[in-house]
Amino acid sequence: MIEDKVELWVVIFGLGLGSFGLRFLFLGLVGDRTLPGWLMRHLRYTPVAILPALVAPLVLWPTSTDGEVDPGRILAAFVALAVGYVSKNVIAAILSGAAAFAVLAWIGL
């Protein structure tokens with residue numbers, strides 16, 4: 001934890017500048033041009049790659065169980081995956097996973 005207020009504000013300002021710089025580089029300099037087809041094909045898979053990277057650690061090593069594997073979370077993730085695969089509906093997958101997790105937690109699994 002940063003205790004020095006000046007150092008804290010320097011870090012916040014630096015991170016803000018870095019975030020702005022990355023966004024401006026992509027949107028400000030390239031935003032008005034059409035991107036090549038090969039790049040658009042790769043960018044189309046960005047959400048598909050990021051979502052599992054965000055969800056997998058929460059399912060496999062949750063902090064609420066001190067990193068221990070929780071069978072209820074894994075079963076709920078499989079339910080969400082199955083519903084999403086069959087229905088091709090993200091909202092249905094999220095709601096079914098949340099409902100399965102709630103029921104499994106209520107059962108005690």
# chains A, B, ... in the order shown; residues from 1 in each chain; ligands from 1
call {"tool": "select_by_dssp", "arguments": {"residues": "chain A", "states": "helix (DSSP H, G or I)", "output": "NGL selection string"}}
result
:A and (5-30 or 37-43 or 46-60 or 63-65 or 71-87 or 90-107)
call {"tool": "residues_around", "arguments": {"residues": "region 49-66 of chain A", "least_positions_apart": "4", "cutoff": "12 Å", "atoms": "only C-alpha atoms", "output": "PDB file with N, CA and C atoms, in the first residue's frame"}}
result
ATOM      1  N   HIS A  42      -9.129 -10.948 -36.559  1.00  0.00           N
ATOM      2  CA  HIS A  42      -8.491 -11.214 -35.268  1.00  0.00           C
ATOM      3  C   HIS A  42      -9.188 -10.469 -34.136  1.00  0.00           C
ATOM      4  N   LEU A  43      -9.591  -9.237 -34.374  1.00  0.00           N
ATOM      5  CA  LEU A  43     -10.257  -8.452 -33.334  1.00  0.00           C
ATOM      6  C   LEU A  43     -11.633  -9.009 -32.988  1.00  0.00           C
ATOM      7  N   ARG A  44     -12.243  -9.730 -33.912  1.00  0.00           N
ATOM      8  CA  ARG A  44     -13.553 -10.324 -33.662  1.00  0.00           C
ATOM      9  C   ARG A  44     -13.490 -11.344 -32.523  1.00  0.00           C
ATOM     10  N   TYR A  45     -12.347 -11.958 -32.310  1.00  0.00           N
ATOM     11  CA  TYR A  45     -12.213 -12.986 -31.276  1.00  0.00           C
ATOM     12  C   TYR A  45     -11.732 -12.438 -29.936  1.00  0.00           C
ATOM     13  N   ASP A  70     -13.953 -25.356  -5.719  1.00  0.00           N
ATOM     14  CA  ASP A  70     -15.322 -25.436  -5.222  1.00  0.00           C
ATOM     15  C   ASP A  70     -16.169 -26.176  -6.254  1.00  0.00           C
ATOM     16  N   PRO A  71     -16.649 -27.383  -5.938  1.00  0.00           N
ATOM     17  CA  PRO A  71     -17.420 -28.150  -6.923  1.00  0.00           C
ATOM     18  C   PRO A  71     -18.691 -27.438  -7.373  1.00  0.00           C
ATOM     19  N   GLY A  72     -19.312 -26.667  -6.490  1.00  0.00           N
ATOM     20  CA  GLY A  72     -20.526 -25.940  -6.860  1.00  0.00           C
ATOM     21  C   GLY A  72     -20.276 -24.930  -7.964  1.00  0.00           C
ATOM     22  N   ARG A  73     -19.166 -24.242  -7.888  1.00  0.00           N
ATOM     23  CA  ARG A  73     -18.828 -23.259  -8.922  1.00  0.00           C
ATOM     24  C   ARG A  73     -18.536 -23.942 -10.257  1.00  0.00           C
ATOM     25  N   ILE A  74     -17.858 -25.075 -10.199  1.00  0.00           N
ATOM     26  CA  ILE A  74     -17.532 -25.781 -11.437  1.00  0.00           C
ATOM     27  C   ILE A  74     -18.798 -26.330 -12.088  1.00  0.00           C
ATOM     28  N   LEU A  75     -19.703 -26.890 -11.280  1.00  0.00           N
ATOM     29  CA  LEU A  75     -20.967 -27.384 -11.837  1.00  0.00           C
ATOM     30  C   LEU A  75     -21.795 -26.245 -12.421  1.00  0.00           C
ATOM     31  N   ALA A  76     -21.849 -25.115 -11.726  1.00  0.00           N
ATOM     32  CA  ALA A  76     -22.592 -23.959 -12.245  1.00  0.00           C
ATOM     33  C   ALA A  76     -21.969 -23.454 -13.544  1.00  0.00           C
ATOM     34  N   ALA A  77     -20.653 -23.485 -13.640  1.00  0.00           N
ATOM     35  CA  ALA A  77     -19.986 -23.067 -14.875  1.00  0.00           C
ATOM     36  C   ALA A  77     -20.317 -24.023 -16.017  1.00  0.00           C
ATOM     37  N   PHE A  78     -20.378 -25.315 -15.729  1.00  0.00           N
ATOM     38  CA  PHE A  78     -20.756 -26.278 -16.767  1.00  0.00           C
ATOM     39  C   PHE A  78     -22.200 -26.082 -17.208  1.00  0.00           C
ATOM     40  N   ALA A  80     -23.842 -23.205 -17.167  1.00  0.00           N
ATOM     41  CA  ALA A  80     -23.834 -21.995 -17.992  1.00  0.00           C
ATOM     42  C   ALA A  80     -23.241 -22.280 -19.370  1.00  0.00           C
ATOM     43  N   LEU A  81     -22.183 -23.059 -19.410  1.00  0.00           N
ATOM     44  CA  LEU A  81     -21.560 -23.405 -20.685  1.00  0.00           C
ATOM     45  C   LEU A  81     -22.514 -24.212 -21.561  1.00  0.00           C
ATOM     46  N   VAL A  90     -26.391 -15.382 -24.568  1.00  0.00           N
ATOM     47  CA  VAL A  90     -25.495 -15.050 -23.463  1.00  0.00           C
ATOM     48  C   VAL A  90     -26.275 -14.787 -22.180  1.00  0.00           C
ATOM     49  N   ILE A  94     -25.830 -16.750 -18.631  1.00  0.00           N
ATOM     50  CA  ILE A  94     -25.476 -16.082 -17.372  1.00  0.00           C
ATOM     51  C   ILE A  94     -26.523 -16.357 -16.305  1.00  0.00           C
ATOM     52  N   GLY A  97     -26.418 -20.036 -15.160  1.00  0.00           N
ATOM     53  CA  GLY A  97     -25.249 -20.268 -14.314  1.00  0.00           C
ATOM     54  C   GLY A  97     -25.433 -19.693 -12.925  1.00  0.00           C
ATOM     55  N   PHE A 101     -25.717 -21.856  -9.542  1.00  0.00           N
ATOM     56  CA  PHE A 101     -24.818 -21.580  -8.418  1.00  0.00           C
ATOM     57  C   PHE A 101     -25.608 -21.320  -7.138  1.00  0.00           C
TER      58      PHE A 101
END
